[in-house]
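Visitor: One structure follows; several queries about it will come next.
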Amino acid sequence: MKSRIMNKKREKILIYGFNKEISDLFFKTAEDLKTELVVLDRQCASERIGFLAGEEGYLPAEEKSEAEGECVIFSGIEGKALDRTLSVMRKNGLGNISLKAIVTPHNMSMTLGQLMTELKKEHLAMHGNEGGEQNV
């Protein structure tokens, strides 16, 4: 019998721009899921997603900047694990987060600020000017 060694990425939830009350709900969610939670510093908007997610080959940005808004990024979480994560988020009162992304080969080289701009455009295109938040 052949065995395969799978390099499973460590599951992480990265959050940016949330107040303490919402951050506490994310801590509860991460605890419920036994998943690592990373609270990103406000000054990290010029960092590459790959760097923030702990991927190899990404160096810290030379300049610091902030982005307006809030965002949650899932790293190493996909398929049924993502479904479960979103379900636990809803259960814990986090069902109205508009800007969500999964770390992909396409967005790893984007900065956090660039990713958030893209997510805002996508959200507007899908939901128009509803003025509200999208459900998870």
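Residue names in the structure tokens use chain letters A, B, ... in the order shown, residue numbers from 1 in each chain, and ligand numbers from 1 in the order shown.
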Just the strand (DSSP E or B) stuff from stretch 28-71 of chain A, please, per backbone DSSP, written as a PyMOL selection string.

Guide: chain A and resi 36-40+44+48+65+71

Visitor: Based on the selection just made, write C-alpha atoms of those residues as a compact mmCIF listing (two decimals), in the first residue's frame.

Guide:
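Produced file result.txt, reproduced below:
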# COMPACT_ATOMS: atom_id res chain seq x y z
CA GLU A 36 -6.31 29.79 14.72
CA LEU A 37 -7.50 33.40 14.69
CA VAL A 38 -5.17 36.15 13.48
CA VAL A 39 -6.16 39.74 14.24
CA LEU A 40 -4.44 41.85 11.62
CA CYS A 44 -1.00 46.11 7.42
CA ARG A 48 0.61 40.81 0.62
CA SER A 65 -0.84 51.72 5.34
CA CYS A 71 -12.57 42.00 6.12

Visitor: Quick one: residues within 12 Å of A:Leu119, only C-alpha atoms, excluding same-chain residues fewer than 3 positions away - as a PyMOL selection string?

Guide: chain A and resi 69-73+97-102+107+110+112-116+122-127+134

Visitor: Would you mind exporting the chosen residues as a CSV table (one decimal), in the first residue's frame, restricted to N, CA and C atoms?

Guide:
chain,number,residue,atom,x,y,z
A,69,GLY,N,-12.6,49.9,6.3
A,69,GLY,CA,-13.5,48.8,6.3
A,69,GLY,C,-13.0,47.6,7.1
A,70,GLU,N,-13.8,46.5,6.9
A,70,GLU,CA,-13.6,45.3,7.7
A,70,GLU,C,-13.5,44.2,6.7
A,71,CYS,N,-12.7,43.1,7.0
A,71,CYS,CA,-12.6,42.0,6.1
A,71,CYS,C,-12.2,40.8,6.9
A,72,VAL,N,-12.7,39.6,6.4
A,72,VAL,CA,-12.3,38.3,7.0
A,72,VAL,C,-11.7,37.5,5.9
A,73,ILE,N,-10.6,36.8,6.1
A,73,ILE,CA,-9.9,36.0,5.1
A,73,ILE,C,-9.7,34.6,5.7
A,97,ILE,N,-21.1,39.7,7.6
A,97,ILE,CA,-19.9,40.2,7.2
A,97,ILE,C,-19.8,40.3,5.7
A,98,SER,N,-19.7,41.5,5.1
A,98,SER,CA,-19.7,41.7,3.7
A,98,SER,C,-18.5,41.2,2.9
A,99,LEU,N,-17.3,41.6,3.5
A,99,LEU,CA,-16.1,41.3,2.8
A,99,LEU,C,-15.4,40.0,3.3
A,100,LYS,N,-15.5,39.0,2.5
A,100,LYS,CA,-14.9,37.7,2.9
A,100,LYS,C,-14.1,37.2,1.7
A,101,ALA,N,-13.0,36.5,2.0
A,101,ALA,CA,-12.2,35.9,0.9
A,101,ALA,C,-11.5,34.6,1.4
A,102,ILE,N,-11.2,33.8,0.5
A,102,ILE,CA,-10.4,32.6,0.8
A,102,ILE,C,-9.0,32.9,0.1
A,107,ASN,N,-4.9,35.5,-5.3
A,107,ASN,CA,-4.9,36.7,-4.5
A,107,ASN,C,-3.7,36.8,-3.5
A,110,MET,N,-1.7,39.8,-4.0
A,110,MET,CA,-2.4,41.1,-3.8
A,110,MET,C,-2.1,41.6,-2.4
A,112,LEU,N,-3.5,43.5,1.0
A,112,LEU,CA,-4.8,43.5,1.7
A,112,LEU,C,-5.7,44.6,1.2
A,113,GLY,N,-5.1,45.8,1.0
A,113,GLY,CA,-5.9,46.9,0.5
A,113,GLY,C,-6.4,46.6,-0.9
A,114,GLN,N,-5.6,46.0,-1.8
A,114,GLN,CA,-6.1,45.7,-3.1
A,114,GLN,C,-7.2,44.6,-3.0
A,115,LEU,N,-7.1,43.6,-2.2
A,115,LEU,CA,-8.1,42.6,-2.1
A,115,LEU,C,-9.4,43.2,-1.6
A,116,MET,N,-9.3,44.1,-0.6
A,116,MET,CA,-10.5,44.7,0.0
A,116,MET,C,-11.2,45.5,-1.1
A,122,GLU,N,-16.9,43.6,-6.0
A,122,GLU,CA,-17.7,42.4,-6.2
A,122,GLU,C,-19.0,42.5,-5.5
A,123,HIS,N,-18.9,43.0,-4.2
A,123,HIS,CA,-20.1,43.1,-3.4
A,123,HIS,C,-21.1,44.1,-4.0
A,124,LEU,N,-20.6,45.2,-4.5
A,124,LEU,CA,-21.5,46.2,-5.1
A,124,LEU,C,-22.1,45.6,-6.4
A,125,ALA,N,-21.3,44.9,-7.2
A,125,ALA,CA,-21.9,44.3,-8.4
A,125,ALA,C,-23.0,43.3,-8.1
A,126,MET,N,-22.8,42.5,-7.1
A,126,MET,CA,-23.7,41.4,-6.7
A,126,MET,C,-25.0,42.0,-6.0
A,127,HIS,N,-24.8,43.0,-5.1
A,127,HIS,CA,-25.8,43.4,-4.2
A,127,HIS,C,-26.3,44.8,-4.5
A,134,GLN,N,-24.1,41.8,3.6
A,134,GLN,CA,-24.5,40.5,3.0
A,134,GLN,C,-24.5,39.5,4.1

Visitor: A:Thr35, A:Ala45, A:Asn92, A:Gly17: which is nearest A:Ile77, counting only C-alpha atoms?

Guide: A:Thr35

Visitor: Expressed in Å to a single decimal, how great is the separation between atom CA of A:Val103 and atom CA of A:Asp24?

Guide: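 About the pair atom CA of A:Val103 and atom CA of A:Asp24: they are 22.7 Å apart.
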
Visitor: Could you list, as a list in words, every residue within 10 Å of A:Thr85, counting only C-alpha atoms and ignoring same-chain residues fewer than 2 positions away?

Guide: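 These residues fall inside the cut-off: Ile13, Thr29, Ala30, Asp32, Leu33, Thr35, Phe74, Ile77, Glu78, Gly79, Lys80, Ala81, Leu82, Asp83, Ser87, Val88, Met89, Arg90 and Lys91 of chain A.
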
Visitor: How would the residues just chosen look if you wrote them out with C-alpha atoms as a PDB file, in the first residue's frame?

Guide:
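This went into part_1.pdb:
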ATOM      1  CA  ILE A  13      -9.176  32.965  10.112  1.00  0.00           C
ATOM      2  CA  THR A  29     -15.918  31.206  16.657  1.00  0.00           C
ATOM      3  CA  ALA A  30     -12.245  30.233  16.342  1.00  0.00           C
ATOM      4  CA  ASP A  32     -15.551  26.592  18.730  1.00  0.00           C
ATOM      5  CA  LEU A  33     -13.832  25.489  15.506  1.00  0.00           C
ATOM      6  CA  THR A  35      -9.022  27.168  14.414  1.00  0.00           C
ATOM      7  CA  PHE A  74      -9.956  32.212   5.374  1.00  0.00           C
ATOM      8  CA  ILE A  77     -10.251  26.437   4.997  1.00  0.00           C
ATOM      9  CA  GLU A  78     -12.286  25.120   2.084  1.00  0.00           C
ATOM     10  CA  GLY A  79     -15.086  22.757   1.164  1.00  0.00           C
ATOM     11  CA  LYS A  80     -17.000  21.298   4.090  1.00  0.00           C
ATOM     12  CA  ALA A  81     -14.684  23.004   6.577  1.00  0.00           C
ATOM     13  CA  LEU A  82     -15.613  26.370   5.060  1.00  0.00           C
ATOM     14  CA  ASP A  83     -19.317  25.501   5.201  1.00  0.00           C
ATOM     15  CA  SER A  87     -22.329  28.101   9.908  1.00  0.00           C
ATOM     16  CA  VAL A  88     -20.549  28.673  13.237  1.00  0.00           C
ATOM     17  CA  MET A  89     -20.018  32.327  12.306  1.00  0.00           C
ATOM     18  CA  ARG A  90     -23.777  32.719  11.744  1.00  0.00           C
ATOM     19  CA  LYS A  91     -24.527  30.936  15.031  1.00  0.00           C
TER      20      LYS A  91
END
